[in-house]
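Shown next, in structure tokens, is the structure this report addresses.
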Protein chains: 2
Amino acid sequence: MHFNLAFIGFGTVGQGLTEILLDKKEMLLEKYDFSYDVVAISDIMKGSVYDKNGLNLKKILKLVKSGKKLDEYPFGFKGLDSLATITDTNSNTIVEVTFTDVKTGEPALTHIKTALQSGKNVVSTNKGPVVKQPNKLLKLAESKNVYYGFEGVVLSGTPVLNLAKYTLAGNKITGFKGILNGTTNYILTRMEEGMSYEDALKKAQELGYAEADPTGDVEGLDALGKVVILSNVVLGKKLSWTDVKRKGITGIKEDDIKKAKSEGKRWKLIGSAIIEQNGSVKAKIWPEKLPLNNPLAGVGEALNALTYYTDELGSVTIVGPGAGRRETGYSLLIDLLDINRKMSD
Amino acid sequence: MHFNLAFIGFGTVGQGLTEILLDKKEMLLEKYDFSYDVVAISDIMKGSVYDKNGLNLKKILKLVKSGKKLDEYPFGFKGLDSLATITDTNSNTIVEVTFTDVKTGEPALTHIKTALQSGKNVVSTNKGPVVKQPNKLLKLAESKNVYYGFEGVVLSGTPVLNLAKYTLAGNKITGFKGILNGTTNYILTRMEEGMSYEDALKKAQELGYAEADPTGDVEGLDALGKVVILSNVVLGKKLSWTDVKRKGITGIKEDDIKKAKSEGKRWKLIGSAIIEQNGSVKAKIWPEKLPLNNPLAGVGEALNALTYYTDELGSVTIVGPGAGRRETGYSLLIDLLDINRKMSD
């Protein structure tokens, strides 16, 4: 099919997707019969531009990377806000990648609702709306015969949601266990090599893995959001933030690491949820000492991993990146190709 | 859609799928709008039966598990051979699970060609035809507007082919590296615990992992077939058996295992293929000493694993079972659900 894309937000993830779309334009057309124009971009910092015949993406990237505003783009209509960019353009699919409050889900939630209500597909990497009300949004999409894809909200481009939905279809998934945060996994990897927690955190900050305030990562809050999403989307439950027990990695001392090593084990910050006999779900983020023959134990550096427990295959684990500009941009392409398959058949 | 299935071959894999279809009948209908009848079964040892209104699968399983022939089934038409079961029944989809010579691909190759030419979908776990001529068969299927699925030929139900085709779509896959044989991985796991090769092999034979003649596993021939399939189907190359360098695990001594352990490494039998700069592909089965922070190093027992090298995500690894009655039966359900999605849209 032909996509007329409108980007709401144009930070690193949006730019990552744009680079991929540029690099792979021919391949996408040949292999998947997937063609596109980007007709509009609206960003709260960078301004907005709309051209119903499509924007020149090379020019756009050059502008933005040199710190200029979209108003300096030589063609098209300027000044539409995000909602007008969604409703008043010839876009048929909205790429929602704004900075959003993960607790309230705004402004992404409003963007996504507006787009779906207008009969437009949405692909988004924003966690907030998926934590808040995934089923409501998916139902809204269904009622309008469009699609809402959010593969990137858990492990960026490592396709854990599509894996559960398509390639493991027919299985009953009864739980999961995973390394859902790359920053803490990086810190634990360095500590096992003998580095102190403080030095490992500093190194993670230098590499851009950890924020200046690392609380969200090291106290397990980032991973917690992902446990909520996986529980609700994959296990079909209705968890909220407060239903997940949480402990971060700040209590793990160098002695604990050494002791685990001497036992042939390794500390990992594990997010998990298991459906119990009575149908309720037990979910937590908690540091665990894993034996080295557990597939999650071998996952080092900033990599992420997720094990699904299934009735037909037992444990199935996928290991891949959990962050990154191109990687997260690519998660949006997974969703776009999925929509392309569904709408083309 | 509604599947009228005909089974060609009814050994453990066919029976495994039948059990799954029985156990999950309601779920498949509700969740995927997937309904079925098994209208015919033809097995060279067990005889054949055809009823255009569908067979009673509980009765069929009971018969077969008590060692009786299908002729004793109280209804239906008896005596159709495999080709007549394909062409002269009201089946729309053929489940091809015969015992087949992996070198010639027969009789599966003839069954599959005949079915596709008759405009019927095929799902099959037979390696031979996929090693011999996957593209020819896929093109034949396309020309007849039907599908040929063979997810089970590499890692049984661990969905490595669907992962590459759908959930990693849009990536350029430039190579792979994997543990493609469970028997040798089981033997190496036991040897690392201190068991001798001979004892570990004996144990693998007792557990049914290894055949009385273990050559196909321990010399890397089974894994070699899988490297050929992955190279041709996923990397789009045209390899044959003789293009893959091969060395098994029989040369690995207890001292080698100990030495690797002291270096913080682990021996694994690795099947790999990498596309070179000039477009040619370098493929081999070879024992490798992996550092413990390689995701493949943590894969123990009879588990299998595969790492894809991709341009957008770097390395993505999946770990799961590589054999088993229900697991391989389930691989056929993956293919059936895939056809269901494509034909229902």
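Residues are named by chain letter and number: chains run A, B, ... in the order of the structure tokens, numbers start at 1 in each chain, and ligands are numbered from 1 in the order shown.
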Contacts of stretch 320-327 of chain B at 6 Å (only C-alpha atoms; same-chain gap of 4+ positions) as a PyMOL selection string: (chain A and resi 312-313+316) or (chain B and resi 12-13+16+155-158+303-304)
With N, CA and C atoms kept, could you save the residues just selected as a short mmCIF file (atom, residue, chain, number, x, y, z; two decimals), in the first residue's frame?
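So the final result, stored in out34.cif, reads:
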data_model
loop_
_atom_site.label_atom_id
_atom_site.label_comp_id
_atom_site.auth_asym_id
_atom_site.auth_seq_id
_atom_site.Cartn_x
_atom_site.Cartn_y
_atom_site.Cartn_z
N GLU A 312 3.17 -25.08 24.39
CA GLU A 312 3.62 -26.04 23.37
C GLU A 312 5.13 -26.13 23.24
N LEU A 313 5.83 -25.04 23.51
CA LEU A 313 7.28 -25.02 23.27
C LEU A 313 8.11 -24.91 24.54
N VAL A 316 10.80 -20.03 25.45
CA VAL A 316 11.38 -19.47 24.22
C VAL A 316 11.92 -18.09 24.56
N THR B 12 4.87 -39.72 14.73
CA THR B 12 4.79 -38.92 15.96
C THR B 12 4.45 -37.45 15.68
N VAL B 13 5.02 -36.87 14.62
CA VAL B 13 4.77 -35.45 14.35
C VAL B 13 3.32 -35.21 13.96
N GLY B 16 1.31 -35.59 16.96
CA GLY B 16 1.51 -34.41 17.82
C GLY B 16 0.61 -33.26 17.39
N LEU B 155 14.33 -25.51 13.46
CA LEU B 155 14.34 -25.74 14.91
C LEU B 155 12.98 -26.21 15.41
N SER B 156 12.37 -27.14 14.74
CA SER B 156 11.01 -27.61 15.08
C SER B 156 10.13 -26.39 15.32
N GLY B 157 9.46 -26.32 16.46
CA GLY B 157 8.49 -25.24 16.67
C GLY B 157 9.08 -23.89 17.05
N THR B 158 10.37 -23.81 17.31
CA THR B 158 10.99 -22.50 17.59
C THR B 158 11.03 -21.75 16.25
N LEU B 303 18.59 -27.83 24.17
CA LEU B 303 18.04 -26.63 23.56
C LEU B 303 18.79 -26.26 22.28
N ASN B 304 18.12 -25.54 21.41
CA ASN B 304 18.72 -24.99 20.19
C ASN B 304 18.67 -23.47 20.27
#
Least-squares superpose chain A onto chain B - every C-alpha atom, paired in order - and show me the moved coordinates as a tab-separated table (two decimals) with C-alpha atoms, in the first residue's frame.
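Result written to part_31.tsv:
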chain	number	residue	atom	x	y	z
A	1	MET	CA	-10.95	-20.00	7.07
A	2	HIS	CA	-12.01	-23.64	7.16
A	3	PHE	CA	-9.27	-26.19	6.60
A	4	ASN	CA	-10.01	-29.61	5.18
A	5	LEU	CA	-6.78	-31.32	6.13
A	6	ALA	CA	-5.30	-34.50	4.69
A	7	PHE	CA	-2.32	-36.07	6.48
A	8	ILE	CA	0.29	-37.84	4.35
A	9	GLY	CA	2.20	-39.81	6.96
A	10	PHE	CA	0.91	-40.25	10.49
A	11	GLY	CA	3.90	-40.81	12.78
A	12	THR	CA	4.78	-38.92	15.96
A	13	VAL	CA	4.77	-35.47	14.34
A	14	GLY	CA	1.39	-35.95	12.67
A	15	GLN	CA	-0.04	-37.33	15.89
A	16	GLY	CA	1.50	-34.42	17.81
A	17	LEU	CA	-0.30	-31.93	15.57
A	18	THR	CA	-3.54	-33.91	15.86
A	19	GLU	CA	-3.37	-33.72	19.66
A	20	ILE	CA	-2.82	-29.96	19.50
A	21	LEU	CA	-5.72	-29.52	17.05
A	22	LEU	CA	-7.99	-31.51	19.38
A	23	ASP	CA	-6.88	-29.73	22.56
A	24	LYS	CA	-7.15	-26.26	21.01
A	25	LYS	CA	-10.16	-26.56	18.71
A	26	GLU	CA	-12.24	-23.92	20.52
A	27	MET	CA	-9.38	-21.52	21.15
A	28	LEU	CA	-8.33	-21.65	17.49
A	29	LEU	CA	-11.84	-20.84	16.35
A	30	GLU	CA	-12.42	-18.04	18.84
A	31	LYS	CA	-9.06	-16.36	18.63
A	32	TYR	CA	-8.07	-16.90	15.01
A	33	ASP	CA	-11.33	-17.82	13.23
A	34	PHE	CA	-9.52	-21.06	12.34
A	35	SER	CA	-11.70	-24.15	11.89
A	36	TYR	CA	-10.83	-27.54	10.50
A	37	ASP	CA	-11.77	-31.09	9.67
A	38	VAL	CA	-9.26	-33.84	9.05
A	39	VAL	CA	-10.83	-35.53	6.05
A	40	ALA	CA	-8.12	-38.05	5.16
A	41	ILE	CA	-5.03	-39.80	6.48
A	42	SER	CA	-2.68	-41.97	4.47
A	43	ASP	CA	0.31	-43.69	6.05
A	44	ILE	CA	2.49	-46.31	4.40
A	45	MET	CA	2.48	-48.51	7.53
A	46	LYS	CA	-0.89	-47.68	9.08
A	47	GLY	CA	-3.10	-47.71	5.98
A	48	SER	CA	-5.48	-44.96	4.90
A	49	VAL	CA	-8.96	-43.61	5.48
A	50	TYR	CA	-11.05	-40.84	3.86
A	51	ASP	CA	-14.32	-39.30	4.96
A	52	LYS	CA	-15.30	-36.08	3.22
A	53	ASN	CA	-17.30	-35.05	6.30
A	54	GLY	CA	-14.30	-35.36	8.60
A	55	LEU	CA	-12.76	-38.10	10.73
A	56	ASN	CA	-13.25	-38.56	14.47
A	57	LEU	CA	-9.75	-37.69	15.65
A	58	LYS	CA	-10.13	-39.12	19.14
A	59	LYS	CA	-11.05	-42.47	17.63
A	60	ILE	CA	-8.17	-42.23	15.15
A	61	LEU	CA	-5.58	-41.49	17.85
A	62	LYS	CA	-6.91	-44.32	20.02
A	63	LEU	CA	-6.66	-46.77	17.12
A	64	VAL	CA	-3.16	-45.76	16.14
A	65	LYS	CA	-1.82	-45.64	19.69
A	66	SER	CA	-3.03	-49.15	20.31
A	67	GLY	CA	-1.05	-50.29	17.26
A	68	LYS	CA	-4.06	-50.89	15.04
A	69	LYS	CA	-4.44	-49.97	11.38
A	70	LEU	CA	-6.62	-47.18	10.01
A	71	ASP	CA	-8.62	-49.86	8.16
A	72	GLU	CA	-10.25	-50.65	11.50
A	73	TYR	CA	-11.76	-47.15	11.68
A	74	PRO	CA	-15.50	-47.87	11.43
A	75	PHE	CA	-16.43	-45.28	8.80
A	76	GLY	CA	-15.10	-43.77	5.59
A	77	PHE	CA	-13.39	-45.00	2.46
A	78	LYS	CA	-10.25	-47.13	2.77
A	79	GLY	CA	-7.29	-47.88	0.56
A	80	LEU	CA	-6.39	-44.57	-1.15
A	81	ASP	CA	-2.63	-44.27	-1.61
A	82	SER	CA	-0.78	-41.07	-0.76
A	83	LEU	CA	-1.16	-39.46	-4.19
A	84	ALA	CA	-4.86	-40.28	-4.44
A	85	THR	CA	-5.30	-38.94	-0.90
A	86	ILE	CA	-3.80	-35.68	-2.11
A	87	THR	CA	-5.65	-35.36	-5.42
A	88	ASP	CA	-8.91	-37.31	-5.08
A	89	THR	CA	-10.24	-35.99	-1.75
A	90	ASN	CA	-11.99	-32.75	-0.76
A	91	SER	CA	-8.90	-31.68	1.19
A	92	ASN	CA	-7.69	-28.11	0.64
A	93	THR	CA	-4.48	-28.40	2.67
A	94	ILE	CA	-1.97	-31.26	2.87
A	95	VAL	CA	0.01	-32.02	6.03
A	96	GLU	CA	3.11	-33.77	4.63
A	97	VAL	CA	4.93	-35.65	7.42
A	98	THR	CA	6.21	-38.87	5.84
A	99	PHE	CA	9.53	-40.55	6.51
A	100	THR	CA	11.64	-39.12	3.72
A	101	ASP	CA	15.18	-39.59	2.44
A	102	VAL	CA	16.79	-36.27	3.30
A	103	LYS	CA	19.23	-36.58	0.35
A	104	THR	CA	16.71	-37.21	-2.44
A	105	GLY	CA	13.79	-35.51	-0.70
A	106	GLU	CA	11.51	-38.39	-1.75
A	107	PRO	CA	8.71	-39.31	-1.40
A	108	ALA	CA	7.92	-35.92	0.19
A	109	LEU	CA	9.06	-33.98	-2.87
A	110	THR	CA	6.54	-35.74	-5.12
A	111	HIS	CA	3.77	-35.36	-2.53
A	112	ILE	CA	4.40	-31.64	-2.17
A	113	LYS	CA	4.66	-30.97	-5.92
A	114	THR	CA	1.47	-32.93	-6.58
A	115	ALA	CA	-0.41	-31.08	-3.86
A	116	LEU	CA	0.70	-27.61	-4.98
A	117	GLN	CA	-0.02	-28.46	-8.62
A	118	SER	CA	-3.54	-29.49	-7.53
A	119	GLY	CA	-3.99	-26.04	-5.95
A	120	LYS	CA	-3.73	-27.27	-2.35
A	121	ASN	CA	-1.71	-25.67	0.45
A	122	VAL	CA	1.09	-27.74	1.99
A	123	VAL	CA	2.58	-27.67	5.45
A	124	SER	CA	5.49	-30.02	6.04
A	125	THR	CA	8.32	-30.78	8.45
A	126	ASN	CA	10.35	-32.64	5.84
A	127	LYS	CA	13.85	-31.19	5.39
A	128	GLY	CA	14.67	-32.95	2.10
A	129	PRO	CA	12.46	-30.92	-0.26
A	130	VAL	CA	13.56	-27.64	1.36
A	131	VAL	CA	17.23	-28.57	1.02
A	132	LYS	CA	16.71	-29.62	-2.62
A	133	GLN	CA	14.53	-26.94	-4.20
A	134	PRO	CA	12.80	-24.49	-1.88
A	135	ASN	CA	12.49	-21.67	-4.40
A	136	LYS	CA	11.04	-23.87	-7.13
A	137	LEU	CA	8.37	-25.14	-4.73
A	138	LEU	CA	7.61	-21.67	-3.35
A	139	LYS	CA	7.20	-20.35	-6.90
A	140	LEU	CA	4.93	-23.25	-7.81
A	141	ALA	CA	2.80	-22.45	-4.75
A	142	GLU	CA	2.64	-18.78	-5.70
A	143	SER	CA	1.60	-19.59	-9.26
A	144	LYS	CA	-1.31	-21.64	-7.91
A	145	ASN	CA	-2.30	-19.04	-5.26
A	146	VAL	CA	-1.61	-21.44	-2.43
A	147	TYR	CA	1.05	-21.66	0.29
A	148	TYR	CA	3.88	-23.99	1.23
A	149	GLY	CA	4.96	-23.72	4.88
A	150	PHE	CA	7.92	-25.51	6.43
A	151	GLU	CA	8.67	-23.74	9.72
A	152	GLY	CA	9.50	-27.06	11.40
A	153	VAL	CA	12.48	-28.02	9.24
A	154	VAL	CA	15.06	-25.99	11.15
A	155	LEU	CA	14.34	-25.74	14.91
A	156	SER	CA	11.01	-27.63	15.08
A	157	GLY	CA	8.49	-25.24	16.66
A	158	THR	CA	10.99	-22.52	17.57
A	159	PRO	CA	9.93	-20.12	14.84
A	160	VAL	CA	13.23	-19.12	13.21
A	161	LEU	CA	11.87	-18.89	9.66
A	162	ASN	CA	8.78	-16.87	10.58
A	163	LEU	CA	10.96	-14.67	12.77
A	164	ALA	CA	13.13	-13.79	9.78
A	165	LYS	CA	10.21	-13.40	7.38
A	166	TYR	CA	7.77	-11.39	9.48
A	167	THR	CA	9.02	-10.06	12.77
A	168	LEU	CA	12.46	-9.09	11.45
A	169	ALA	CA	11.08	-7.90	8.10
A	170	GLY	CA	12.77	-4.78	6.78
A	171	ASN	CA	16.15	-5.87	8.14
A	172	LYS	CA	18.92	-7.02	5.88
A	173	ILE	CA	20.05	-10.32	7.37
A	174	THR	CA	23.73	-10.72	6.60
A	175	GLY	CA	24.42	-14.01	8.33
A	176	PHE	CA	23.60	-16.34	11.19
A	177	LYS	CA	25.25	-18.49	13.81
A	178	GLY	CA	23.47	-21.14	15.82
A	179	ILE	CA	23.25	-24.28	17.90
A	180	LEU	CA	21.25	-26.31	15.41
A	181	ASN	CA	21.47	-29.80	16.90
A	182	GLY	CA	20.14	-30.71	20.35
A	183	THR	CA	21.86	-34.07	20.70
A	184	THR	CA	25.37	-32.68	20.39
A	185	ASN	CA	24.49	-29.76	22.66
A	186	TYR	CA	23.24	-32.24	25.26
A	187	ILE	CA	26.46	-34.27	25.01
A	188	LEU	CA	28.66	-31.17	25.36
A	189	THR	CA	26.62	-30.00	28.37
A	190	ARG	CA	27.17	-33.34	30.15
A	191	MET	CA	30.88	-33.37	29.23
A	192	GLU	CA	31.31	-29.96	30.79
A	193	GLU	CA	29.95	-31.44	34.01
A	194	GLY	CA	32.72	-34.04	33.86
A	195	MET	CA	31.09	-36.93	32.00
A	196	SER	CA	33.08	-38.74	29.30
A	197	TYR	CA	31.98	-38.49	25.65
A	198	GLU	CA	31.01	-42.16	25.64
A	199	ASP	CA	28.83	-41.88	28.77
A	200	ALA	CA	27.23	-38.66	27.56
A	201	LEU	CA	26.37	-40.27	24.21
A	202	LYS	CA	24.91	-43.29	25.99
A	203	LYS	CA	22.78	-41.01	28.17
A	204	ALA	CA	21.59	-39.12	25.06
A	205	GLN	CA	20.62	-42.42	23.47
A	206	GLU	CA	18.74	-43.52	26.61
A	207	LEU	CA	16.76	-40.25	26.55
A	208	GLY	CA	15.89	-40.76	22.88
A	209	TYR	CA	17.88	-37.71	21.74
A	210	ALA	CA	20.45	-39.75	19.80
A	211	GLU	CA	19.89	-42.63	17.38
A	212	ALA	CA	21.57	-46.01	17.78
A	213	ASP	CA	23.91	-44.82	15.01
A	214	PRO	CA	24.64	-41.27	16.16
A	215	THR	CA	26.74	-40.29	13.12
A	216	GLY	CA	24.16	-37.85	11.68
A	217	ASP	CA	24.19	-35.82	14.88
A	218	VAL	CA	27.76	-36.03	16.18
A	219	GLU	CA	29.42	-35.57	12.79
A	220	GLY	CA	27.32	-32.47	12.11
A	221	LEU	CA	25.28	-33.80	9.15
A	222	ASP	CA	21.90	-32.91	10.67
A	223	ALA	CA	23.08	-29.37	11.43
A	224	LEU	CA	24.57	-29.14	7.94
A	225	GLY	CA	21.15	-29.59	6.32
A	226	LYS	CA	19.84	-26.75	8.47
A	227	VAL	CA	22.68	-24.44	7.46
A	228	VAL	CA	21.87	-25.14	3.81
A	229	ILE	CA	18.18	-24.39	4.40
A	230	LEU	CA	18.79	-21.16	6.34
A	231	SER	CA	21.34	-19.98	3.77
A	232	ASN	CA	18.95	-20.56	0.89
A	233	VAL	CA	15.66	-19.53	2.48
A	234	VAL	CA	16.75	-16.65	4.76
A	235	LEU	CA	19.94	-15.39	3.10
A	236	GLY	CA	18.63	-16.01	-0.42
A	237	LYS	CA	21.69	-17.99	-1.55
A	238	LYS	CA	22.01	-21.23	-3.54
A	239	LEU	CA	24.11	-23.56	-1.40
A	240	SER	CA	24.20	-27.33	-1.65
A	241	TRP	CA	25.49	-29.92	0.83
A	242	THR	CA	29.05	-29.82	-0.48
A	243	ASP	CA	29.37	-26.05	-0.06
A	244	VAL	CA	29.41	-26.29	3.74
A	245	LYS	CA	32.66	-27.08	5.61
A	246	ARG	CA	32.00	-29.61	8.33
A	247	LYS	CA	33.56	-30.91	11.52
A	248	GLY	CA	31.63	-32.74	14.24
A	249	ILE	CA	32.23	-33.04	17.98
A	250	THR	CA	33.92	-36.46	18.09
A	251	GLY	CA	37.35	-34.83	18.18
A	252	ILE	CA	36.61	-32.84	21.35
A	253	LYS	CA	38.42	-34.44	24.29
A	254	GLU	CA	37.81	-34.06	28.00
A	255	ASP	CA	41.00	-32.01	28.22
A	256	ASP	CA	39.71	-29.55	25.62
A	257	ILE	CA	36.56	-29.07	27.70
A	258	LYS	CA	38.57	-28.49	30.87
A	259	LYS	CA	40.89	-26.04	29.15
A	260	ALA	CA	37.95	-24.03	27.76
A	261	LYS	CA	36.35	-23.96	31.21
A	262	SER	CA	39.53	-22.58	32.77
A	263	GLU	CA	39.50	-19.83	30.12
A	264	GLY	CA	35.87	-18.92	30.93
A	265	LYS	CA	34.70	-20.43	27.65
A	266	ARG	CA	32.48	-23.23	26.43
A	267	TRP	CA	32.58	-25.56	23.41
A	268	LYS	CA	29.52	-25.51	21.18
A	269	LEU	CA	28.89	-27.10	17.78
A	270	ILE	CA	28.09	-24.01	15.71
A	271	GLY	CA	26.41	-23.85	12.32
A	272	SER	CA	27.03	-20.55	10.60
A	273	ALA	CA	26.86	-18.72	7.32
A	274	ILE	CA	28.10	-15.20	6.66
A	275	ILE	CA	27.64	-13.20	3.48
A	276	GLU	CA	31.03	-11.83	2.47
A	277	GLN	CA	31.77	-8.42	0.91
A	278	ASN	CA	31.66	-9.91	-2.61
A	279	GLY	CA	28.22	-11.46	-2.01
A	280	SER	CA	29.44	-15.05	-1.67
A	281	VAL	CA	28.58	-16.95	1.46
A	282	LYS	CA	30.94	-18.75	3.86
A	283	ALA	CA	29.10	-21.59	5.57
A	284	LYS	CA	30.28	-24.19	8.05
A	285	ILE	CA	29.52	-26.55	10.91
A	286	TRP	CA	32.42	-26.39	13.29
A	287	PRO	CA	33.03	-26.68	17.04
A	288	GLU	CA	33.72	-23.25	18.55
A	289	LYS	CA	34.95	-22.14	21.97
A	290	LEU	CA	32.54	-19.35	22.90
A	291	PRO	CA	33.11	-16.80	25.67
A	292	LEU	CA	30.43	-17.04	28.36
A	293	ASN	CA	29.03	-13.61	27.51
A	294	ASN	CA	27.96	-14.84	24.06
A	295	PRO	CA	24.19	-15.50	24.21
A	296	LEU	CA	24.77	-18.91	22.58
A	297	ALA	CA	27.17	-19.99	25.34
A	298	GLY	CA	24.38	-20.08	27.94
A	299	VAL	CA	22.25	-22.45	25.86
A	300	GLY	CA	22.55	-25.84	27.52
A	301	GLU	CA	20.94	-29.29	27.48
A	302	ALA	CA	19.13	-30.23	24.25
A	303	LEU	CA	18.05	-26.64	23.54
A	304	ASN	CA	18.73	-25.00	20.19
A	305	ALA	CA	19.43	-21.35	19.41
A	306	LEU	CA	20.01	-19.09	16.44
A	307	THR	CA	21.57	-15.64	16.17
A	308	TYR	CA	20.72	-13.55	13.13
A	309	TYR	CA	23.05	-10.71	12.15
A	310	THR	CA	20.91	-7.79	10.98
A	311	ASP	CA	21.64	-4.29	9.72
A	312	GLU	CA	19.14	-2.46	11.94
A	313	LEU	CA	19.24	-4.43	15.18
A	314	GLY	CA	22.70	-5.99	15.24
A	315	SER	CA	22.51	-9.52	16.67
A	316	VAL	CA	19.12	-10.98	17.53
A	317	THR	CA	19.08	-14.43	19.13
A	318	ILE	CA	16.22	-16.84	19.68
A	319	VAL	CA	16.50	-19.83	22.02
A	320	GLY	CA	14.02	-22.71	22.18
A	321	PRO	CA	13.45	-26.41	21.61
A	322	GLY	CA	14.77	-28.04	18.43
A	323	ALA	CA	12.83	-31.30	18.53
A	324	GLY	CA	9.95	-33.12	20.20
A	325	ARG	CA	6.55	-34.60	19.36
A	326	ARG	CA	4.32	-31.65	20.32
A	327	GLU	CA	7.00	-29.06	19.51
A	328	THR	CA	7.39	-30.28	15.93
A	329	GLY	CA	3.63	-30.79	15.63
A	330	TYR	CA	3.23	-27.19	16.73
A	331	SER	CA	5.53	-25.99	13.91
A	332	LEU	CA	2.82	-27.17	11.50
A	333	LEU	CA	0.24	-25.12	13.38
A	334	ILE	CA	2.44	-22.01	12.95
A	335	ASP	CA	2.29	-22.60	9.20
A	336	LEU	CA	-1.46	-23.28	9.23
A	337	LEU	CA	-2.13	-20.08	11.19
A	338	ASP	CA	0.04	-18.18	8.75
A	339	ILE	CA	-2.00	-19.53	5.82
A	340	ASN	CA	-5.16	-18.73	7.76
A	341	ARG	CA	-4.09	-15.10	8.12
A	342	LYS	CA	-3.13	-14.77	4.47
A	343	MET	CA	-6.23	-16.45	3.06
A	344	SER	CA	-8.72	-14.81	5.45
A	345	ASP	CA	-7.79	-11.17	4.85
message = Please extract the residues of stretch 109-301 of chain B with a backbone DSSP assignment of strand (DSSP E or B) and present them as a ChimeraX atom specification.
response = /B:121-124,148-149,173-179,244-246,265-275,281-291
Determine which residues of stretch 41-244 of chain B receive a DSSP assignment of alpha helix (DSSP H), computed from the backbone, and state them as a short mmCIF file (atom, residue, chain, number, x, y, z; two decimals) with C-alpha atoms, in the first residue's frame.
data_model
loop_
_atom_site.label_atom_id
_atom_site.label_comp_id
_atom_site.auth_asym_id
_atom_site.auth_seq_id
_atom_site.Cartn_x
_atom_site.Cartn_y
_atom_site.Cartn_z
CA LEU B 57 -9.73 -37.71 15.66
CA LYS B 58 -10.11 -39.14 19.14
CA LYS B 59 -11.04 -42.50 17.64
CA ILE B 60 -8.16 -42.24 15.15
CA LEU B 61 -5.57 -41.51 17.86
CA LYS B 62 -6.89 -44.33 20.03
CA LEU B 63 -6.63 -46.78 17.10
CA VAL B 64 -3.15 -45.75 16.13
CA LYS B 65 -1.80 -45.63 19.69
CA SER B 82 -0.75 -41.07 -0.75
CA LEU B 83 -1.16 -39.45 -4.18
CA ALA B 84 -4.85 -40.28 -4.43
CA THR B 85 -5.29 -38.93 -0.89
CA ILE B 86 -3.79 -35.67 -2.10
CA THR B 87 -5.64 -35.35 -5.39
CA ALA B 108 7.93 -35.92 0.19
CA LEU B 109 9.05 -33.96 -2.87
CA THR B 110 6.54 -35.73 -5.13
CA HIS B 111 3.78 -35.35 -2.53
CA ILE B 112 4.40 -31.62 -2.17
CA LYS B 113 4.64 -30.95 -5.91
CA THR B 114 1.48 -32.91 -6.58
CA ALA B 115 -0.40 -31.06 -3.86
CA LEU B 116 0.71 -27.61 -4.97
CA GLN B 117 -0.03 -28.44 -8.61
CA LYS B 127 13.84 -31.21 5.38
CA GLY B 128 14.66 -32.94 2.10
CA PRO B 129 12.46 -30.91 -0.27
CA VAL B 130 13.56 -27.63 1.36
CA VAL B 131 17.23 -28.57 1.03
CA LYS B 132 16.72 -29.59 -2.62
CA PRO B 134 12.79 -24.48 -1.87
CA ASN B 135 12.47 -21.66 -4.41
CA LYS B 136 11.00 -23.86 -7.13
CA LEU B 137 8.36 -25.13 -4.73
CA LEU B 138 7.60 -21.67 -3.36
CA LYS B 139 7.18 -20.33 -6.89
CA LEU B 140 4.92 -23.23 -7.82
CA ALA B 141 2.79 -22.44 -4.75
CA GLU B 142 2.63 -18.77 -5.70
CA SER B 143 1.58 -19.56 -9.27
CA GLY B 152 9.50 -27.05 11.41
CA VAL B 153 12.48 -28.00 9.24
CA VAL B 154 15.06 -25.98 11.16
CA LEU B 155 14.34 -25.74 14.91
CA VAL B 160 13.23 -19.11 13.21
CA LEU B 161 11.86 -18.89 9.66
CA ASN B 162 8.78 -16.87 10.57
CA GLY B 182 20.13 -30.70 20.34
CA THR B 183 21.85 -34.07 20.69
CA THR B 184 25.37 -32.68 20.39
CA ASN B 185 24.48 -29.78 22.68
CA TYR B 186 23.21 -32.24 25.26
CA ILE B 187 26.44 -34.28 25.00
CA LEU B 188 28.64 -31.17 25.35
CA THR B 189 26.60 -30.00 28.37
CA ARG B 190 27.14 -33.34 30.14
CA MET B 191 30.85 -33.38 29.21
CA GLU B 192 31.27 -29.96 30.80
CA TYR B 197 31.95 -38.49 25.64
CA GLU B 198 30.96 -42.16 25.62
CA ASP B 199 28.81 -41.88 28.75
CA ALA B 200 27.20 -38.65 27.55
CA LEU B 201 26.34 -40.26 24.21
CA LYS B 202 24.89 -43.30 25.97
CA LYS B 203 22.76 -41.02 28.16
CA ALA B 204 21.58 -39.12 25.05
CA GLN B 205 20.60 -42.43 23.46
CA GLU B 206 18.73 -43.53 26.59
CA THR B 215 26.71 -40.29 13.11
CA GLY B 216 24.16 -37.87 11.65
CA ASP B 217 24.17 -35.83 14.86
CA VAL B 218 27.73 -36.03 16.19
CA LEU B 221 25.26 -33.79 9.15
CA ASP B 222 21.89 -32.90 10.66
CA ALA B 223 23.07 -29.37 11.43
CA LEU B 224 24.56 -29.11 7.93
CA GLY B 225 21.15 -29.59 6.31
CA LYS B 226 19.83 -26.75 8.47
CA VAL B 227 22.67 -24.44 7.46
CA VAL B 228 21.86 -25.13 3.81
CA ILE B 229 18.16 -24.39 4.40
CA LEU B 230 18.79 -21.15 6.34
CA SER B 231 21.34 -19.98 3.76
CA ASN B 232 18.93 -20.55 0.90
CA VAL B 233 15.64 -19.52 2.48
#
